[in-house]
$ cat structure_31.cif   # mmCIF, N, CA and C atoms
data_start
loop_
_atom_site.label_atom_id
_atom_site.label_comp_id
_atom_site.auth_asym_id
_atom_site.auth_seq_id
_atom_site.Cartn_x
_atom_site.Cartn_y
_atom_site.Cartn_z
N GLN D 16 0.83 -1.20 0.00
CA GLN D 16 0.00 0.00 0.00
C GLN D 16 0.86 1.24 0.00
N VAL D 17 0.39 2.28 -0.67
CA VAL D 17 1.08 3.56 -0.72
C VAL D 17 0.11 4.63 -0.26
N GLN D 18 0.55 5.43 0.67
CA GLN D 18 -0.27 6.56 1.11
C GLN D 18 0.34 7.84 0.57
N LEU D 19 -0.50 8.71 0.04
CA LEU D 19 -0.05 9.94 -0.57
C LEU D 19 -0.65 11.13 0.15
N VAL D 20 0.17 12.12 0.46
CA VAL D 20 -0.29 13.32 1.13
C VAL D 20 0.18 14.53 0.33
N GLU D 21 -0.80 15.28 -0.21
CA GLU D 21 -0.47 16.46 -1.02
C GLU D 21 -0.54 17.72 -0.19
N SER D 22 0.20 18.74 -0.62
CA SER D 22 0.14 20.04 0.03
C SER D 22 0.57 21.11 -0.96
N GLY D 23 0.27 22.36 -0.62
CA GLY D 23 0.76 23.47 -1.43
C GLY D 23 -0.27 24.17 -2.29
N GLY D 24 -1.49 23.68 -2.31
CA GLY D 24 -2.51 24.35 -3.11
C GLY D 24 -2.91 25.68 -2.50
N GLY D 25 -3.71 26.45 -3.24
CA GLY D 25 -4.18 27.72 -2.71
C GLY D 25 -4.70 28.62 -3.80
N LEU D 26 -4.85 29.88 -3.46
CA LEU D 26 -5.36 30.89 -4.39
C LEU D 26 -4.21 31.77 -4.85
N VAL D 27 -4.13 31.99 -6.16
CA VAL D 27 -3.05 32.81 -6.71
C VAL D 27 -3.61 33.60 -7.89
N GLN D 28 -3.03 34.74 -8.15
CA GLN D 28 -3.46 35.54 -9.29
C GLN D 28 -2.84 35.01 -10.58
N ALA D 29 -3.52 35.29 -11.67
CA ALA D 29 -2.99 34.87 -12.97
C ALA D 29 -1.59 35.44 -13.16
N GLY D 30 -0.71 34.60 -13.70
CA GLY D 30 0.68 34.98 -13.88
C GLY D 30 1.57 34.60 -12.72
N GLY D 31 0.96 34.20 -11.62
CA GLY D 31 1.72 33.84 -10.43
C GLY D 31 2.21 32.40 -10.46
N SER D 32 2.79 31.99 -9.33
CA SER D 32 3.38 30.65 -9.21
C SER D 32 2.92 29.96 -7.94
N LEU D 33 2.92 28.65 -8.00
CA LEU D 33 2.64 27.82 -6.83
C LEU D 33 3.50 26.56 -6.93
N ARG D 34 3.79 25.97 -5.77
CA ARG D 34 4.53 24.71 -5.76
C ARG D 34 3.75 23.69 -4.96
N LEU D 35 3.40 22.61 -5.61
CA LEU D 35 2.71 21.52 -4.94
C LEU D 35 3.71 20.45 -4.52
N SER D 36 3.41 19.79 -3.39
CA SER D 36 4.24 18.71 -2.91
C SER D 36 3.38 17.49 -2.64
N CYS D 37 3.99 16.33 -2.78
CA CYS D 37 3.29 15.08 -2.48
C CYS D 37 4.29 14.12 -1.87
N ALA D 38 3.97 13.65 -0.68
CA ALA D 38 4.82 12.68 -0.01
C ALA D 38 4.20 11.30 -0.15
N ALA D 39 4.99 10.33 -0.59
CA ALA D 39 4.50 8.97 -0.81
C ALA D 39 5.22 8.02 0.13
N SER D 40 4.43 7.31 0.93
CA SER D 40 5.03 6.32 1.82
C SER D 40 5.46 5.11 1.00
N THR D 41 6.48 4.44 1.41
CA THR D 41 6.98 3.19 0.82
C THR D 41 7.30 3.30 -0.66
N CYS D 42 7.70 4.48 -1.13
CA CYS D 42 8.03 4.65 -2.55
C CYS D 42 9.47 5.10 -2.70
N THR D 43 10.19 4.50 -3.60
CA THR D 43 11.52 4.98 -3.92
C THR D 43 11.55 5.36 -5.40
N LEU D 44 12.54 6.11 -5.76
CA LEU D 44 12.64 6.62 -7.12
C LEU D 44 12.62 5.49 -8.14
N ALA D 45 13.30 4.41 -7.83
CA ALA D 45 13.42 3.32 -8.79
C ALA D 45 12.16 2.46 -8.87
N ARG D 46 11.34 2.48 -7.82
CA ARG D 46 10.22 1.54 -7.77
C ARG D 46 8.87 2.15 -8.11
N CYS D 47 8.77 3.48 -8.09
CA CYS D 47 7.47 4.11 -8.28
C CYS D 47 7.56 5.21 -9.32
N ALA D 48 6.64 5.21 -10.24
CA ALA D 48 6.43 6.38 -11.09
C ALA D 48 5.43 7.27 -10.37
N MET D 49 5.67 8.57 -10.40
CA MET D 49 4.78 9.49 -9.72
C MET D 49 4.28 10.53 -10.71
N ALA D 50 3.05 10.96 -10.51
CA ALA D 50 2.45 11.86 -11.48
C ALA D 50 1.48 12.82 -10.81
N TRP D 51 1.16 13.87 -11.55
CA TRP D 51 0.12 14.81 -11.16
C TRP D 51 -0.97 14.82 -12.23
N PHE D 52 -2.19 14.78 -11.76
CA PHE D 52 -3.36 14.97 -12.60
C PHE D 52 -4.17 16.13 -12.01
N ARG D 53 -5.11 16.62 -12.78
CA ARG D 53 -5.99 17.66 -12.25
C ARG D 53 -7.40 17.45 -12.79
N GLN D 54 -8.36 17.95 -12.03
CA GLN D 54 -9.75 17.82 -12.44
C GLN D 54 -10.50 19.09 -12.10
N ALA D 55 -11.00 19.74 -13.13
CA ALA D 55 -11.83 20.93 -12.96
C ALA D 55 -13.29 20.49 -12.86
N PRO D 56 -14.15 21.32 -12.31
CA PRO D 56 -15.57 20.96 -12.17
C PRO D 56 -16.18 20.56 -13.50
N GLU D 57 -16.89 19.44 -13.49
CA GLU D 57 -17.61 18.92 -14.66
C GLU D 57 -16.68 18.55 -15.81
N LYS D 58 -15.41 18.33 -15.53
CA LYS D 58 -14.48 17.90 -16.57
C LYS D 58 -13.82 16.60 -16.14
N GLU D 59 -13.26 15.89 -17.12
CA GLU D 59 -12.56 14.65 -16.82
C GLU D 59 -11.20 14.96 -16.18
N ARG D 60 -10.70 13.95 -15.47
CA ARG D 60 -9.38 14.11 -14.87
C ARG D 60 -8.34 14.17 -16.00
N GLU D 61 -7.44 15.14 -15.88
CA GLU D 61 -6.50 15.46 -16.95
C GLU D 61 -5.07 15.23 -16.49
N PHE D 62 -4.27 14.61 -17.34
CA PHE D 62 -2.86 14.40 -17.04
C PHE D 62 -2.11 15.72 -17.05
N VAL D 63 -1.25 15.90 -16.05
CA VAL D 63 -0.44 17.12 -15.96
C VAL D 63 1.04 16.80 -16.22
N ALA D 64 1.59 15.90 -15.41
CA ALA D 64 3.01 15.57 -15.56
C ALA D 64 3.31 14.28 -14.83
N ALA D 65 4.37 13.60 -15.26
CA ALA D 65 4.81 12.37 -14.61
C ALA D 65 6.32 12.33 -14.58
N ILE D 66 6.84 11.60 -13.60
CA ILE D 66 8.29 11.41 -13.48
C ILE D 66 8.53 9.97 -13.05
N TRP D 67 9.52 9.33 -13.64
CA TRP D 67 9.79 7.93 -13.32
C TRP D 67 11.25 7.60 -13.58
N SER D 68 11.67 6.47 -13.09
CA SER D 68 13.01 5.89 -13.24
C SER D 68 14.07 6.66 -12.47
N SER D 69 15.16 6.00 -12.21
CA SER D 69 16.26 6.61 -11.48
C SER D 69 16.85 7.78 -12.23
N ALA D 70 16.69 7.77 -13.54
CA ALA D 70 17.20 8.87 -14.36
C ALA D 70 16.28 10.08 -14.37
N GLY D 71 15.10 9.94 -13.78
CA GLY D 71 14.18 11.07 -13.70
C GLY D 71 13.54 11.45 -15.02
N ALA D 72 13.14 10.47 -15.78
CA ALA D 72 12.44 10.76 -17.04
C ALA D 72 11.12 11.46 -16.75
N THR D 73 10.71 12.36 -17.63
CA THR D 73 9.49 13.13 -17.41
C THR D 73 8.61 13.18 -18.65
N GLU D 74 7.36 13.45 -18.41
CA GLU D 74 6.37 13.61 -19.48
C GLU D 74 5.41 14.69 -19.01
N TYR D 75 4.98 15.57 -19.94
CA TYR D 75 4.09 16.68 -19.57
C TYR D 75 2.85 16.71 -20.45
N GLY D 76 1.78 17.17 -19.87
CA GLY D 76 0.59 17.42 -20.65
C GLY D 76 0.81 18.63 -21.55
N ASP D 77 0.15 18.65 -22.69
CA ASP D 77 0.39 19.70 -23.67
C ASP D 77 0.06 21.09 -23.13
N SER D 78 -0.95 21.18 -22.29
CA SER D 78 -1.40 22.49 -21.82
C SER D 78 -0.49 23.10 -20.76
N VAL D 79 0.43 22.31 -20.21
CA VAL D 79 1.29 22.83 -19.14
C VAL D 79 2.77 22.83 -19.52
N LYS D 80 3.07 22.27 -20.66
CA LYS D 80 4.47 22.18 -21.08
C LYS D 80 5.07 23.58 -21.10
N SER D 81 6.28 23.72 -20.62
CA SER D 81 7.06 24.96 -20.55
C SER D 81 6.62 25.88 -19.41
N ARG D 82 5.51 25.56 -18.75
CA ARG D 82 5.08 26.38 -17.60
C ARG D 82 5.22 25.62 -16.28
N PHE D 83 5.05 24.32 -16.32
CA PHE D 83 5.12 23.51 -15.11
C PHE D 83 6.38 22.63 -15.16
N THR D 84 6.92 22.34 -13.98
CA THR D 84 8.07 21.45 -13.88
C THR D 84 7.84 20.44 -12.77
N ILE D 85 7.98 19.18 -13.12
CA ILE D 85 7.87 18.12 -12.12
C ILE D 85 9.26 17.69 -11.69
N SER D 86 9.41 17.42 -10.41
CA SER D 86 10.69 16.94 -9.90
C SER D 86 10.39 16.04 -8.70
N ARG D 87 11.39 15.32 -8.26
CA ARG D 87 11.18 14.48 -7.09
C ARG D 87 12.46 14.35 -6.29
N ASN D 88 12.27 14.04 -5.04
CA ASN D 88 13.36 13.79 -4.12
C ASN D 88 13.01 12.49 -3.43
N ASN D 89 13.42 11.39 -4.03
CA ASN D 89 13.12 10.05 -3.56
C ASN D 89 11.62 9.85 -3.41
N ALA D 90 11.08 9.90 -2.20
CA ALA D 90 9.66 9.59 -2.01
C ALA D 90 8.77 10.81 -2.04
N LYS D 91 9.28 11.96 -2.44
CA LYS D 91 8.47 13.17 -2.56
C LYS D 91 8.51 13.66 -4.01
N VAL D 92 7.35 14.08 -4.49
CA VAL D 92 7.29 14.65 -5.83
C VAL D 92 6.77 16.08 -5.72
N PHE D 93 7.29 16.95 -6.59
CA PHE D 93 6.93 18.36 -6.55
C PHE D 93 6.41 18.78 -7.93
N LEU D 94 5.53 19.77 -7.92
CA LEU D 94 5.08 20.36 -9.17
C LEU D 94 5.22 21.87 -9.03
N GLN D 95 6.20 22.42 -9.71
CA GLN D 95 6.39 23.86 -9.74
C GLN D 95 5.56 24.42 -10.88
N MET D 96 4.61 25.27 -10.54
CA MET D 96 3.69 25.83 -11.53
C MET D 96 3.95 27.32 -11.69
N SER D 97 4.23 27.74 -12.90
CA SER D 97 4.52 29.16 -13.16
C SER D 97 3.60 29.66 -14.26
N SER D 98 3.53 30.97 -14.39
CA SER D 98 2.68 31.61 -15.41
C SER D 98 1.27 31.02 -15.36
N LEU D 99 0.73 30.93 -14.17
CA LEU D 99 -0.57 30.28 -14.00
C LEU D 99 -1.69 31.07 -14.69
N LYS D 100 -2.64 30.33 -15.20
CA LYS D 100 -3.79 30.90 -15.92
C LYS D 100 -5.07 30.47 -15.20
N PRO D 101 -6.14 31.23 -15.37
CA PRO D 101 -7.40 30.83 -14.75
C PRO D 101 -7.83 29.41 -15.14
N GLU D 102 -7.50 28.99 -16.33
CA GLU D 102 -7.88 27.64 -16.77
C GLU D 102 -7.07 26.54 -16.09
N ASP D 103 -6.06 26.91 -15.30
CA ASP D 103 -5.33 25.93 -14.49
C ASP D 103 -6.07 25.62 -13.19
N THR D 104 -7.14 26.34 -12.93
CA THR D 104 -7.92 26.10 -11.72
C THR D 104 -8.51 24.70 -11.73
N ALA D 105 -8.22 23.95 -10.67
CA ALA D 105 -8.67 22.55 -10.58
C ALA D 105 -8.23 21.97 -9.24
N VAL D 106 -8.73 20.79 -8.95
CA VAL D 106 -8.17 19.99 -7.87
C VAL D 106 -7.02 19.18 -8.46
N TYR D 107 -5.87 19.27 -7.85
CA TYR D 107 -4.68 18.58 -8.33
C TYR D 107 -4.45 17.33 -7.49
N TYR D 108 -4.26 16.20 -8.18
CA TYR D 108 -4.08 14.92 -7.51
C TYR D 108 -2.69 14.36 -7.81
N CYS D 109 -2.10 13.81 -6.77
CA CYS D 109 -0.85 13.08 -6.89
C CYS D 109 -1.19 11.60 -7.10
N ALA D 110 -0.42 10.92 -7.91
CA ALA D 110 -0.70 9.51 -8.19
C ALA D 110 0.59 8.72 -8.29
N VAL D 111 0.49 7.44 -8.00
CA VAL D 111 1.66 6.55 -8.03
C VAL D 111 1.34 5.30 -8.85
N ASP D 112 2.32 4.90 -9.64
CA ASP D 112 2.24 3.65 -10.39
C ASP D 112 3.42 2.78 -9.98
N LYS D 113 3.13 1.57 -9.49
CA LYS D 113 4.21 0.69 -9.04
C LYS D 113 4.48 -0.43 -10.04
N THR D 114 4.02 -0.26 -11.27
CA THR D 114 4.26 -1.28 -12.29
C THR D 114 5.74 -1.41 -12.57
N ILE D 115 6.21 -2.65 -12.62
CA ILE D 115 7.62 -2.90 -12.91
C ILE D 115 7.76 -3.16 -14.40
N GLY D 116 8.83 -2.64 -14.99
CA GLY D 116 9.05 -2.87 -16.41
C GLY D 116 8.79 -1.62 -17.22
N TYR D 117 9.06 -1.75 -18.51
CA TYR D 117 8.93 -0.60 -19.40
C TYR D 117 7.46 -0.23 -19.63
N ILE D 118 7.17 1.03 -19.49
CA ILE D 118 5.84 1.58 -19.79
C ILE D 118 6.04 2.67 -20.83
N PRO D 119 5.36 2.61 -21.96
CA PRO D 119 5.51 3.68 -22.96
C PRO D 119 5.11 5.01 -22.36
N PRO D 120 5.84 6.08 -22.66
CA PRO D 120 5.50 7.39 -22.11
C PRO D 120 4.04 7.79 -22.34
N SER D 121 3.48 7.38 -23.44
CA SER D 121 2.09 7.74 -23.72
C SER D 121 1.15 7.15 -22.69
N ARG D 122 1.50 5.99 -22.16
CA ARG D 122 0.63 5.38 -21.14
C ARG D 122 0.76 6.06 -19.79
N ARG D 123 1.87 6.78 -19.62
CA ARG D 123 2.04 7.54 -18.37
C ARG D 123 0.96 8.61 -18.24
N ARG D 124 0.31 8.97 -19.35
CA ARG D 124 -0.72 10.01 -19.35
C ARG D 124 -2.10 9.48 -18.95
N SER D 125 -2.20 8.17 -18.81
CA SER D 125 -3.52 7.57 -18.57
C SER D 125 -3.83 7.44 -17.09
N VAL D 126 -5.03 7.85 -16.72
CA VAL D 126 -5.51 7.69 -15.34
C VAL D 126 -5.44 6.23 -14.92
N ASP D 127 -5.73 5.33 -15.85
CA ASP D 127 -5.81 3.91 -15.54
C ASP D 127 -4.45 3.30 -15.19
N GLN D 128 -3.36 3.99 -15.51
CA GLN D 128 -2.04 3.44 -15.24
C GLN D 128 -1.68 3.54 -13.75
N TYR D 129 -2.39 4.34 -13.01
CA TYR D 129 -2.01 4.64 -11.63
C TYR D 129 -2.97 3.97 -10.64
N GLY D 130 -2.37 3.30 -9.68
CA GLY D 130 -3.19 2.54 -8.73
C GLY D 130 -3.37 3.21 -7.39
N TYR D 131 -2.65 4.29 -7.15
CA TYR D 131 -2.72 4.96 -5.86
C TYR D 131 -2.88 6.45 -6.09
N TRP D 132 -3.79 7.03 -5.30
CA TRP D 132 -4.13 8.44 -5.47
C TRP D 132 -4.18 9.17 -4.14
N GLY D 133 -3.78 10.45 -4.18
CA GLY D 133 -3.93 11.29 -3.02
C GLY D 133 -5.34 11.86 -2.94
N GLN D 134 -5.58 12.65 -1.92
CA GLN D 134 -6.91 13.19 -1.69
C GLN D 134 -7.18 14.45 -2.51
N GLY D 135 -6.14 15.03 -3.08
CA GLY D 135 -6.29 16.22 -3.92
C GLY D 135 -6.06 17.51 -3.15
N THR D 136 -5.59 18.51 -3.86
CA THR D 136 -5.39 19.83 -3.29
C THR D 136 -5.90 20.87 -4.29
N GLN D 137 -6.67 21.83 -3.80
CA GLN D 137 -7.31 22.81 -4.68
C GLN D 137 -6.33 23.90 -5.08
N VAL D 138 -6.30 24.18 -6.38
CA VAL D 138 -5.56 25.32 -6.91
C VAL D 138 -6.56 26.22 -7.62
N THR D 139 -6.60 27.48 -7.20
CA THR D 139 -7.51 28.44 -7.81
C THR D 139 -6.70 29.62 -8.33
N VAL D 140 -6.86 29.91 -9.62
CA VAL D 140 -6.14 31.02 -10.25
C VAL D 140 -7.16 32.08 -10.62
N SER D 141 -7.03 33.26 -10.03
CA SER D 141 -7.97 34.34 -10.31
C SER D 141 -7.46 35.21 -11.45
N SER D 142 -8.41 35.75 -12.20
CA SER D 142 -8.02 36.58 -13.36
C SER D 142 -7.85 38.04 -12.98
#
$ encode --input "structure_31.cif" --output "structure tokens"
Amino acid sequence: QVQLVESGGGLVQAGGSLRLSCAASTCTLARCAMAWFRQAPEKEREFVAAIWSSAGATEYGDSVKSRFTISRNNAKVFLQMSSLKPEDTAVYYCAVDKTIGYIPPSRRRSVDQYGYWGQGTQVTVSS
């Protein structure tokens, strides 16, 4: 079992920055892929970013590329969000995938790839 605890959400003005954190119990860099998803009201859960392997490979959703940066420190994953827009407003979820073996980067974007989820943290960007 993996327990995930997110923090760092809040209210920020458009153009501002926020940093989200997620602590994962029993996860090491080599054994767990970690990701961020987000879900706005009445919308499907959307892939934001993922990081996996000891080399720190990453994948980003198209809408956040060049504005968000995912990083990790062993069992903690971070999401640095810059140049925030009102459309970034959502509940942000941390997720873990403990699948062993090669996973195509495209599958890292799928909600179904992740078996463990945090409770979510609200990010609100005002215009």
$ atom_distance --input "structure_31.cif" --atom1 "atom C of Gly76 (chain D)" --atom2 "atom C of Val63 (chain D)"
5.6 Å
$ resolve_selection --input "structure_31.cif" --expression "the PyMOL selection byres ((chain D and resi 43-47) around 8)" --output "count of residues only"
24
$ closest_atom_pairs --input "structure_31.cif" --of "region 34-139 of chain D" --to "region 21-26 of chain D" --cutoff "6.5 Å" --atoms "all atoms listed in the file" --output "tab-separated table"
residue	atom	partner	partner_atom	distance
D:Arg34	C	D:Gly23	CA	4.6
D:Leu35	CA	D:Gly23	CA	4.5
D:Ser36	N	D:Ser22	C	4.0
D:Cys37	CA	D:Glu21	CA	4.3
D:Ala38	N	D:Glu21	N	5.1
D:Gly133	CA	D:Glu21	N	5.8
D:Gln134	N	D:Glu21	N	5.7
D:Gly135	N	D:Glu21	N	6.1
D:Thr136	C	D:Gly24	CA	5.0
D:Gln137	C	D:Gly25	N	4.1
D:Val138	CA	D:Gly25	N	4.3
D:Thr139	N	D:Gly25	C	4.1
$ atom_distance --input "structure_31.cif" --atom1 "CA of Glu61 (chain D)" --atom2 "CA of Pro120 (chain D)"
15.4 Å
$ atom_distance --input "structure_31.cif" --atom1 "CA of Tyr108 (chain D)" --atom2 "CA of Gly30 (chain D)"
21.6 Å
$ select_by_dssp --input "structure_31.cif" --residues "chain D" --states "strand (DSSP E)" --output "number ranges by chain"
D: 19-22, 25-28, 33-39, 48-54, 61-67, 72-75, 83-88, 91-96, 105-112, 131-132, 136-141
$ resolve_selection --input "structure_31.cif" --expression "the PyMOL selection byres ((chain D and resi 84) around 8)" --output "PyMOL selection string"
chain D and resi 64+79-83+85-87+93-97
$ resolve_selection --input "structure_31.cif" --expression "the PyMOL selection byres ((chain D and resi 104) around 6.5)" --output "list in words"
Gln54, Ala55, Lys100, Pro101, Glu102, Asp103, Ala105, Val106, Val138, Thr139 and Val140 of chain D
$ closest_residue --input "structure_31.cif" --among "D:Leu99, D:Val126, D:Ala65, D:Val92" --to "Ser32 (chain D)" --atoms "all atoms listed in the file"
D:Leu99
$ decode --input "structure_31.cif" --residues "region 107-118 of chain D" --atoms "N, CA, C and O atoms" --output "PDB file, in the first residue's frame"
ATOM      1  N   TYR D 107      -5.869  19.273  -7.848  1.00  0.00           N
ATOM      2  CA  TYR D 107      -4.681  18.575  -8.334  1.00  0.00           C
ATOM      3  C   TYR D 107      -4.453  17.331  -7.485  1.00  0.00           C
ATOM      4  O   TYR D 107      -4.436  17.403  -6.246  1.00  0.00           O
ATOM      5  N   TYR D 108      -4.256  16.201  -8.177  1.00  0.00           N
ATOM      6  CA  TYR D 108      -4.083  14.920  -7.513  1.00  0.00           C
ATOM      7  C   TYR D 108      -2.693  14.356  -7.805  1.00  0.00           C
ATOM      8  O   TYR D 108      -2.225  14.378  -8.943  1.00  0.00           O
ATOM      9  N   CYS D 109      -2.096  13.814  -6.769  1.00  0.00           N
ATOM     10  CA  CYS D 109      -0.846  13.079  -6.892  1.00  0.00           C
ATOM     11  C   CYS D 109      -1.194  11.603  -7.096  1.00  0.00           C
ATOM     12  O   CYS D 109      -2.162  11.105  -6.494  1.00  0.00           O
ATOM     13  N   ALA D 110      -0.424  10.916  -7.913  1.00  0.00           N
ATOM     14  CA  ALA D 110      -0.701   9.514  -8.192  1.00  0.00           C
ATOM     15  C   ALA D 110       0.592   8.721  -8.294  1.00  0.00           C
ATOM     16  O   ALA D 110       1.641   9.269  -8.654  1.00  0.00           O
ATOM     17  N   VAL D 111       0.491   7.439  -7.996  1.00  0.00           N
ATOM     18  CA  VAL D 111       1.660   6.548  -8.026  1.00  0.00           C
ATOM     19  C   VAL D 111       1.344   5.302  -8.849  1.00  0.00           C
ATOM     20  O   VAL D 111       0.258   4.732  -8.741  1.00  0.00           O
ATOM     21  N   ASP D 112       2.316   4.900  -9.645  1.00  0.00           N
ATOM     22  CA  ASP D 112       2.244   3.649 -10.394  1.00  0.00           C
ATOM     23  C   ASP D 112       3.422   2.785  -9.981  1.00  0.00           C
ATOM     24  O   ASP D 112       4.573   3.205 -10.111  1.00  0.00           O
ATOM     25  N   LYS D 113       3.133   1.572  -9.492  1.00  0.00           N
ATOM     26  CA  LYS D 113       4.208   0.686  -9.042  1.00  0.00           C
ATOM     27  C   LYS D 113       4.481  -0.434 -10.043  1.00  0.00           C
ATOM     28  O   LYS D 113       5.148  -1.423  -9.700  1.00  0.00           O
ATOM     29  N   THR D 114       4.016  -0.265 -11.269  1.00  0.00           N
ATOM     30  CA  THR D 114       4.258  -1.279 -12.288  1.00  0.00           C
ATOM     31  C   THR D 114       5.741  -1.406 -12.566  1.00  0.00           C
ATOM     32  O   THR D 114       6.440  -0.413 -12.747  1.00  0.00           O
ATOM     33  N   ILE D 115       6.206  -2.651 -12.621  1.00  0.00           N
ATOM     34  CA  ILE D 115       7.616  -2.896 -12.913  1.00  0.00           C
ATOM     35  C   ILE D 115       7.760  -3.164 -14.396  1.00  0.00           C
ATOM     36  O   ILE D 115       6.944  -3.837 -15.009  1.00  0.00           O
ATOM     37  N   GLY D 116       8.828  -2.639 -14.988  1.00  0.00           N
ATOM     38  CA  GLY D 116       9.053  -2.868 -16.405  1.00  0.00           C
ATOM     39  C   GLY D 116       8.787  -1.621 -17.219  1.00  0.00           C
ATOM     40  O   GLY D 116       8.323  -0.606 -16.710  1.00  0.00           O
ATOM     41  N   TYR D 117       9.059  -1.747 -18.508  1.00  0.00           N
ATOM     42  CA  TYR D 117       8.927  -0.597 -19.400  1.00  0.00           C
ATOM     43  C   TYR D 117       7.463  -0.235 -19.625  1.00  0.00           C
ATOM     44  O   TYR D 117       6.625  -1.097 -19.907  1.00  0.00           O
ATOM     45  N   ILE D 118       7.167   1.029 -19.490  1.00  0.00           N
ATOM     46  CA  ILE D 118       5.842   1.578 -19.786  1.00  0.00           C
ATOM     47  C   ILE D 118       6.035   2.666 -20.826  1.00  0.00           C
ATOM     48  O   ILE D 118       6.801   3.602 -20.615  1.00  0.00           O
TER      49      ILE D 118
END
